[in-house]
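Peer 1: So that we are looking at the same thing, I have put the structure below in structure tokens.
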Amino acid sequence: MTEATATDPAGPAQQARALLQAGALDEARSLLEGALEQSPDDIEARYVLAVCLRLARDYTAAEAALEAILVREPENGRALQEAGHLARDRGRDNDALRYYGEAVRSNPALLASFRNRLELLRRAGREDEARATEAQLRIAEALPPPLLAATDLLAQGRMHRAEELCRAFLQKQPQHVEGMRLLAEIGMRLGALEEAEFLLETACELEPDNLRLRIELVRVLSKRQRFEASLAQAEELLRRAPDSLPFQSLRAIELLQLGRYDAAVAGFDAILKRLPGDAATLTSRGHALKTCGRSEEAINNYREAAERRHHGEAWYALANLKTYRFSDAQIDAMRRQAADSGQAHMDRVYLSFALGKAFEDREDYAAAFEHFDRGNSLRRRQLRYRAEQLRAEVDAQRELLDADLFGRLGPGGHDAPDPIFILGLPRAGSTLLEQILSAHSQIEGTRELPNILAMAQKLRRRRDEDGEQPGYPEILAHLDHNTRQELGRAYIEQTALHRSGTPFFIDKMPNNFRHIGLVHLILPRAKIIDARREPMACCFSNYQQLFAEGQEFSYDLGDLGQYYRDYERLMAHWDTALPGRVFRLQHERLLDDLEGELRRLFSYLELPFEEGCLRYWESDRAVRTPSSEQVRRPLFRDGERRWQYYEEWLGPLRDALALKPANAA
């Protein structure tokens, strides 16, 4: 093993490595096979066994060992690299190139993958790709060993250890721009977006011609939804390289984020003139058209990308319209594409969800569930979600943030009444509710704003008056009146860019239910609406949805049920600790009595009821969520009992929710 990185602690895999270095191949293999009989889920032991088997030229067994890893962890960089070594040793150069390319995309610290890929590209005469790979290799080789190790740790998901290494390095070399870029990347993954922005801005000042830094700065500014600033950076990149199609695309995407749809579409059109039929650009253009309600044009773009270029995301975009129906020929095309063994992992995810929707529309629920289940399983393998983390967080909030604490802290925070928080689980009717409220003359919808989540992440790192770092939510008990006021004012100022002048605005980030205590402390006059939906309907609707990012709990039925129960537990706690603070709107009651429920809601909001809210579908506002097409028509009940068609396969969800089957006594 020549890669300078983090390995497992002393155990079978580490012992086997020592035996391999000593040339004791058979002993290493025997040790690992015995260990795997006892612990078949030991990924590291299975990886080292694959190395042993390849060195022993037992290629079939080595391939099986690697497949067992990649089925569970499709982005395991070292397993992908070993698959590249195996393909190379078997003379399968094209497969080796593919695996090495996937390996360095997953883990840029894998120097051997860069070097082998470079050699194979040169042997094949693919000089343009070889030059690009060589440039990437030089960047990786130039990294100081601590940063190379931190890069590897980050690829393994060991973010806190990667952060420790990175910070220790920067204490010695505080102006090392690659160290700053890497720490910013770690910060983005941890949700520390403000710190990531600061690091990247500083790095850009030190190296203003470093385009990679500016690309990363666009990413973090966009994640913070500072779209004017991210657009300015994208335009600066384009000024420096005006013929760059990637930079033209980046600018068009930032225009789309900013709501400048015509300009975004024009930007995509300019790219398509130079690169006709480009699937990614056609799909992005479709997204822009869909968001502003030009559905037929969007469908045409998605269909061209999907049918001519076999673009998995475009197939899913058609399904995600919710109102589109696939033809027999399209279903056959998707099935053939999904069966292609060379298909990228994420394309298989997209196709599985699209096929699930296609078969549901045909009322073939067994086939639909098979595809939804496969898509969720594939997506789950890319993630590192652990249900116990939310459970522990909920327990901590219930224990610490009680009525006594709020009483001791007393009044405080910023007195702006502007925000209306709609929170809960995704797919609980929040987009419909936002569309209804946005039809009111004094309220405007914005989007799912990340500001409260980012503030909570920042508070996790904050030190108290004694210099200690208590963590979150413990730090909330240490916020004095002035700090609470500053945080509330910061939220109002940061979200101002999404507003156009109405007295009240909606923040629709569903995950804010985890931070109601924080919201109460810093914005005591804000309104909070818990958008609640019947648990089986809500959870299964999440299971049918592929999210652009986040919501990692939604790809396993057991995790979904546990998440819903933890959400219920926390909301019940807020009812006790902050009585009357949260308004609960049950989706099913809204469908039964739209006007009555809205009158109750507007009474809570202390606003007059307006008849126009009953005709919410007449609004021409842009809608960015998966429900965009559904909320452009009057109330419908199509999805309320849909889960019952799948009931026979939903045992893990029902068990996690602790519900009895419908036919139980």
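Here, A, B, ... name the chains of the structure tokens in the order displayed, residue numbers run from 1 inside each chain, and ligands are numbered from 1 in the same displayed order.
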Would you please extract all strand (DSSP E) residues from stretch 260-472 of chain A, as assigned by DSSP on the backbone, and give them as a list in words?
Peer 2: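 Checking each residue of stretch 260-472 of chain A, the strand (DSSP E) ones are Pro419, Ile420, Phe421, Ile422, Leu423, Gly424, Ile443, Glu444, Gly445, Thr446 and Arg447 of chain A.
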Peer 1: Store the residues of this selection in a file with all heavy atoms, as a PDB file, in the first residue's frame.
Peer 2:
ATOM      1  N   PRO A 419     -40.972  36.562   9.707  1.00  0.00           N
ATOM      2  CA  PRO A 419     -40.884  35.182   9.197  1.00  0.00           C
ATOM      3  C   PRO A 419     -42.088  34.320   9.565  1.00  0.00           C
ATOM      4  O   PRO A 419     -42.625  34.394  10.674  1.00  0.00           O
ATOM      5  CB  PRO A 419     -39.610  34.634   9.865  1.00  0.00           C
ATOM      6  CG  PRO A 419     -38.941  35.793  10.514  1.00  0.00           C
ATOM      7  CD  PRO A 419     -40.003  36.797  10.786  1.00  0.00           C
ATOM      8  N   ILE A 420     -42.487  33.495   8.618  1.00  0.00           N
ATOM      9  CA  ILE A 420     -43.451  32.421   8.848  1.00  0.00           C
ATOM     10  C   ILE A 420     -42.736  31.123   8.488  1.00  0.00           C
ATOM     11  O   ILE A 420     -42.432  30.885   7.312  1.00  0.00           O
ATOM     12  CB  ILE A 420     -44.715  32.591   7.991  1.00  0.00           C
ATOM     13  CG1 ILE A 420     -45.421  33.914   8.313  1.00  0.00           C
ATOM     14  CG2 ILE A 420     -45.662  31.409   8.191  1.00  0.00           C
ATOM     15  CD1 ILE A 420     -46.557  34.251   7.352  1.00  0.00           C
ATOM     16  N   PHE A 421     -42.428  30.322   9.471  1.00  0.00           N
ATOM     17  CA  PHE A 421     -41.731  29.063   9.235  1.00  0.00           C
ATOM     18  C   PHE A 421     -42.753  27.950   8.990  1.00  0.00           C
ATOM     19  O   PHE A 421     -43.650  27.736   9.805  1.00  0.00           O
ATOM     20  CB  PHE A 421     -40.856  28.701  10.437  1.00  0.00           C
ATOM     21  CG  PHE A 421     -39.675  29.604  10.636  1.00  0.00           C
ATOM     22  CD1 PHE A 421     -39.762  30.717  11.468  1.00  0.00           C
ATOM     23  CD2 PHE A 421     -38.476  29.351   9.993  1.00  0.00           C
ATOM     24  CE1 PHE A 421     -38.681  31.561  11.657  1.00  0.00           C
ATOM     25  CE2 PHE A 421     -37.386  30.190  10.169  1.00  0.00           C
ATOM     26  CZ  PHE A 421     -37.480  31.300  11.003  1.00  0.00           C
ATOM     27  N   ILE A 422     -42.627  27.276   7.862  1.00  0.00           N
ATOM     28  CA  ILE A 422     -43.399  26.057   7.604  1.00  0.00           C
ATOM     29  C   ILE A 422     -42.419  24.898   7.671  1.00  0.00           C
ATOM     30  O   ILE A 422     -41.441  24.855   6.922  1.00  0.00           O
ATOM     31  CB  ILE A 422     -44.082  26.087   6.222  1.00  0.00           C
ATOM     32  CG1 ILE A 422     -45.040  27.278   6.113  1.00  0.00           C
ATOM     33  CG2 ILE A 422     -44.833  24.790   5.964  1.00  0.00           C
ATOM     34  CD1 ILE A 422     -45.692  27.412   4.739  1.00  0.00           C
ATOM     35  N   LEU A 423     -42.654  23.970   8.587  1.00  0.00           N
ATOM     36  CA  LEU A 423     -41.671  22.922   8.821  1.00  0.00           C
ATOM     37  C   LEU A 423     -42.358  21.589   9.074  1.00  0.00           C
ATOM     38  O   LEU A 423     -43.573  21.492   9.133  1.00  0.00           O
ATOM     39  CB  LEU A 423     -40.755  23.318   9.996  1.00  0.00           C
ATOM     40  CG  LEU A 423     -41.415  23.960  11.242  1.00  0.00           C
ATOM     41  CD1 LEU A 423     -42.103  22.920  12.084  1.00  0.00           C
ATOM     42  CD2 LEU A 423     -40.411  24.735  12.047  1.00  0.00           C
ATOM     43  N   GLY A 424     -41.561  20.543   9.191  1.00  0.00           N
ATOM     44  CA  GLY A 424     -42.085  19.195   9.377  1.00  0.00           C
ATOM     45  C   GLY A 424     -41.283  18.223   8.545  1.00  0.00           C
ATOM     46  O   GLY A 424     -40.070  18.356   8.407  1.00  0.00           O
ATOM     47  N   ILE A 443     -48.125  38.322   2.211  1.00  0.00           N
ATOM     48  CA  ILE A 443     -47.175  37.218   2.410  1.00  0.00           C
ATOM     49  C   ILE A 443     -46.541  36.841   1.082  1.00  0.00           C
ATOM     50  O   ILE A 443     -47.231  36.783   0.059  1.00  0.00           O
ATOM     51  CB  ILE A 443     -47.878  35.971   2.988  1.00  0.00           C
ATOM     52  CG1 ILE A 443     -48.590  36.303   4.293  1.00  0.00           C
ATOM     53  CG2 ILE A 443     -46.877  34.840   3.211  1.00  0.00           C
ATOM     54  CD1 ILE A 443     -49.447  35.154   4.827  1.00  0.00           C
ATOM     55  N   GLU A 444     -45.245  36.585   1.095  1.00  0.00           N
ATOM     56  CA  GLU A 444     -44.609  36.042  -0.101  1.00  0.00           C
ATOM     57  C   GLU A 444     -43.843  34.769   0.249  1.00  0.00           C
ATOM     58  O   GLU A 444     -43.287  34.625   1.335  1.00  0.00           O
ATOM     59  CB  GLU A 444     -43.668  37.059  -0.743  1.00  0.00           C
ATOM     60  CG  GLU A 444     -42.460  37.446   0.076  1.00  0.00           C
ATOM     61  CD  GLU A 444     -41.596  38.469  -0.648  1.00  0.00           C
ATOM     62  OE1 GLU A 444     -41.343  38.280  -1.851  1.00  0.00           O
ATOM     63  OE2 GLU A 444     -41.171  39.450   0.000  1.00  0.00           O
ATOM     64  N   GLY A 445     -43.860  33.837  -0.690  1.00  0.00           N
ATOM     65  CA  GLY A 445     -43.059  32.631  -0.543  1.00  0.00           C
ATOM     66  C   GLY A 445     -41.643  32.907  -1.010  1.00  0.00           C
ATOM     67  O   GLY A 445     -41.422  33.712  -1.917  1.00  0.00           O
ATOM     68  N   THR A 446     -40.688  32.248  -0.400  1.00  0.00           N
ATOM     69  CA  THR A 446     -39.300  32.394  -0.842  1.00  0.00           C
ATOM     70  C   THR A 446     -38.820  31.034  -1.360  1.00  0.00           C
ATOM     71  O   THR A 446     -39.034  30.671  -2.483  1.00  0.00           O
ATOM     72  CB  THR A 446     -38.411  32.928   0.288  1.00  0.00           C
ATOM     73  OG1 THR A 446     -38.514  32.082   1.442  1.00  0.00           O
ATOM     74  CG2 THR A 446     -38.817  34.339   0.660  1.00  0.00           C
ATOM     75  N   ARG A 447     -38.232  30.251  -0.507  1.00  0.00           N
ATOM     76  CA  ARG A 447     -37.744  28.919  -0.855  1.00  0.00           C
ATOM     77  C   ARG A 447     -37.357  28.239   0.452  1.00  0.00           C
ATOM     78  O   ARG A 447     -37.613  28.770   1.527  1.00  0.00           O
ATOM     79  CB  ARG A 447     -36.545  29.006  -1.814  1.00  0.00           C
ATOM     80  CG  ARG A 447     -35.387  29.828  -1.267  1.00  0.00           C
ATOM     81  CD  ARG A 447     -34.177  29.742  -2.181  1.00  0.00           C
ATOM     82  NE  ARG A 447     -34.400  30.442  -3.435  1.00  0.00           N
ATOM     83  CZ  ARG A 447     -33.873  30.050  -4.587  1.00  0.00           C
ATOM     84  NH1 ARG A 447     -33.137  28.961  -4.644  1.00  0.00           N
ATOM     85  NH2 ARG A 447     -34.077  30.737  -5.694  1.00  0.00           N
TER      86      ARG A 447
END
Peer 1: Report as JSON lines the residues of stretch 299-379 of chain A within 7 Å of stretch 275-282 of chain A, each with its shortest atom pair and distance in Å (one decimal), using only C-alpha atoms, ordered by chain and increasing residue number.
Peer 2:
{"residue": "A:Asn301", "atom": "CA", "partner": "A:Leu282", "partner_atom": "CA", "distance": 5.4}
{"residue": "A:Tyr302", "atom": "CA", "partner": "A:Leu282", "partner_atom": "CA", "distance": 6.6}
{"residue": "A:Ala305", "atom": "CA", "partner": "A:Ala279", "partner_atom": "CA", "distance": 4.5}
{"residue": "A:Arg309", "atom": "CA", "partner": "A:Ala279", "partner_atom": "CA", "distance": 6.0}
{"residue": "A:His311", "atom": "CA", "partner": "A:Ala279", "partner_atom": "CA", "distance": 6.2}
Peer 1: Name the residues of stretch 216-290 of chain A that come out as alpha helix (DSSP H) in a backbone DSSP run; write them as a PyMOL selection string.
Peer 2: chain A and resi 216-223+227-240+245-257+261-274+279-290
Peer 1: List the neighbours of A:Met159 out to 7 Å using only C-alpha atoms; skip same-chain residues closer than 5 positions along the sequence, and give me the result as a ChimeraX atom specification.
Peer 2: /A:153-154,186
Peer 1: What is the atom CA of A:Phe513 to atom CA of A:Arg381 distance in Å?
Peer 2: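 Calculated distance between atom CA of A:Phe513 and atom CA of A:Arg381 is 26.4 Å.
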Peer 1: Any idea what's packed within 10 Å of stretch 125-139 of chain A, counting only C-alpha atoms, ignoring anything in its chain fewer than 5 positions away? Could you give it as a ChimeraX atom specification?
Peer 2: /A:101,104,108-115,117-120,178
Peer 1: I'd like the neighbourhood of stretch 482-489 of chain A as a short mmCIF file (atom, residue, chain, number, x, y, z; two decimals) with N, CA and C atoms, in the first residue's frame, where a residue qualifies if any of its atoms comes within 10 Å (using only C-alpha atoms), though same-chain residues fewer than 2 positions away should be ignored.
Peer 2:
data_model
loop_
_atom_site.label_atom_id
_atom_site.label_comp_id
_atom_site.auth_asym_id
_atom_site.auth_seq_id
_atom_site.Cartn_x
_atom_site.Cartn_y
_atom_site.Cartn_z
N PRO A 411 -37.50 36.77 28.03
CA PRO A 411 -37.70 37.33 26.69
C PRO A 411 -36.38 37.80 26.09
N GLY A 412 -36.34 37.86 24.78
CA GLY A 412 -35.12 38.30 24.11
C GLY A 412 -35.24 38.03 22.63
N GLY A 413 -34.15 38.26 21.90
CA GLY A 413 -34.16 38.05 20.47
C GLY A 413 -34.58 39.29 19.71
N HIS A 414 -34.64 39.16 18.40
CA HIS A 414 -35.01 40.26 17.52
C HIS A 414 -36.53 40.27 17.36
N ASP A 415 -37.15 41.44 17.46
CA ASP A 415 -38.61 41.49 17.54
C ASP A 415 -39.31 41.55 16.18
N ALA A 416 -38.60 41.29 15.08
CA ALA A 416 -39.24 41.31 13.76
C ALA A 416 -40.29 40.21 13.67
N ILE A 452 -31.26 28.98 9.10
CA ILE A 452 -31.36 28.45 10.46
C ILE A 452 -30.47 27.22 10.62
N MET A 455 -26.96 28.41 10.92
CA MET A 455 -26.74 29.04 12.21
C MET A 455 -26.56 27.98 13.30
N LEU A 476 -27.38 26.73 23.48
CA LEU A 476 -28.54 27.63 23.53
C LEU A 476 -28.78 28.15 24.94
N HIS A 478 -26.64 29.18 26.87
CA HIS A 478 -25.62 30.19 27.19
C HIS A 478 -25.79 31.46 26.36
N LEU A 479 -26.85 31.57 25.56
CA LEU A 479 -27.04 32.74 24.72
C LEU A 479 -27.67 33.87 25.52
N ASP A 480 -26.94 34.97 25.68
CA ASP A 480 -27.51 36.10 26.42
C ASP A 480 -28.42 36.92 25.52
N TYR A 491 -30.46 36.83 10.88
CA TYR A 491 -31.37 36.03 10.05
C TYR A 491 -32.21 36.93 9.15
N ILE A 492 -32.77 37.99 9.70
CA ILE A 492 -33.61 38.90 8.92
C ILE A 492 -32.79 39.56 7.82
N GLU A 493 -31.57 39.97 8.13
CA GLU A 493 -30.73 40.63 7.13
C GLU A 493 -30.31 39.65 6.03
N GLN A 494 -29.95 38.43 6.42
CA GLN A 494 -29.47 37.45 5.44
C GLN A 494 -30.58 37.02 4.49
N LEU A 518 -34.22 27.21 18.97
CA LEU A 518 -33.38 28.31 18.49
C LEU A 518 -34.23 29.41 17.88
N VAL A 519 -35.19 29.05 17.02
CA VAL A 519 -36.06 30.05 16.40
C VAL A 519 -36.79 30.86 17.47
N HIS A 520 -37.31 30.19 18.47
CA HIS A 520 -38.03 30.89 19.54
C HIS A 520 -37.13 31.88 20.27
N LEU A 521 -35.90 31.50 20.53
CA LEU A 521 -34.99 32.35 21.30
C LEU A 521 -34.54 33.57 20.52
N ILE A 522 -34.40 33.47 19.21
CA ILE A 522 -33.85 34.59 18.44
C ILE A 522 -34.91 35.38 17.69
N LEU A 523 -36.09 34.78 17.45
CA LEU A 523 -37.16 35.44 16.71
C LEU A 523 -38.49 35.17 17.42
N PRO A 524 -38.68 35.76 18.59
CA PRO A 524 -39.84 35.40 19.42
C PRO A 524 -41.19 35.72 18.79
#
Peer 1: Separation of atom CA of A:Ser230 and atom CA of A:Val218, in Å?
Peer 2: 4.8 Å
Peer 1: Restricting the calculation to only C-alpha atoms: of A:Leu199, A:Ala477, A:Leu425, A:Ala298, which residue gets closest to A:Ser554?
Peer 2: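 Among the listed residues, the smallest separation from A:Ser554 belongs to A:Leu425.
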Peer 1: Figure out the distance between atom CA of A:Arg72 and atom CA of A:Cys52, please, to one decimal in Å.
Peer 2: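 Interatomic distance, atom CA of A:Cys52 to atom CA of A:Arg72: 20.4 Å.
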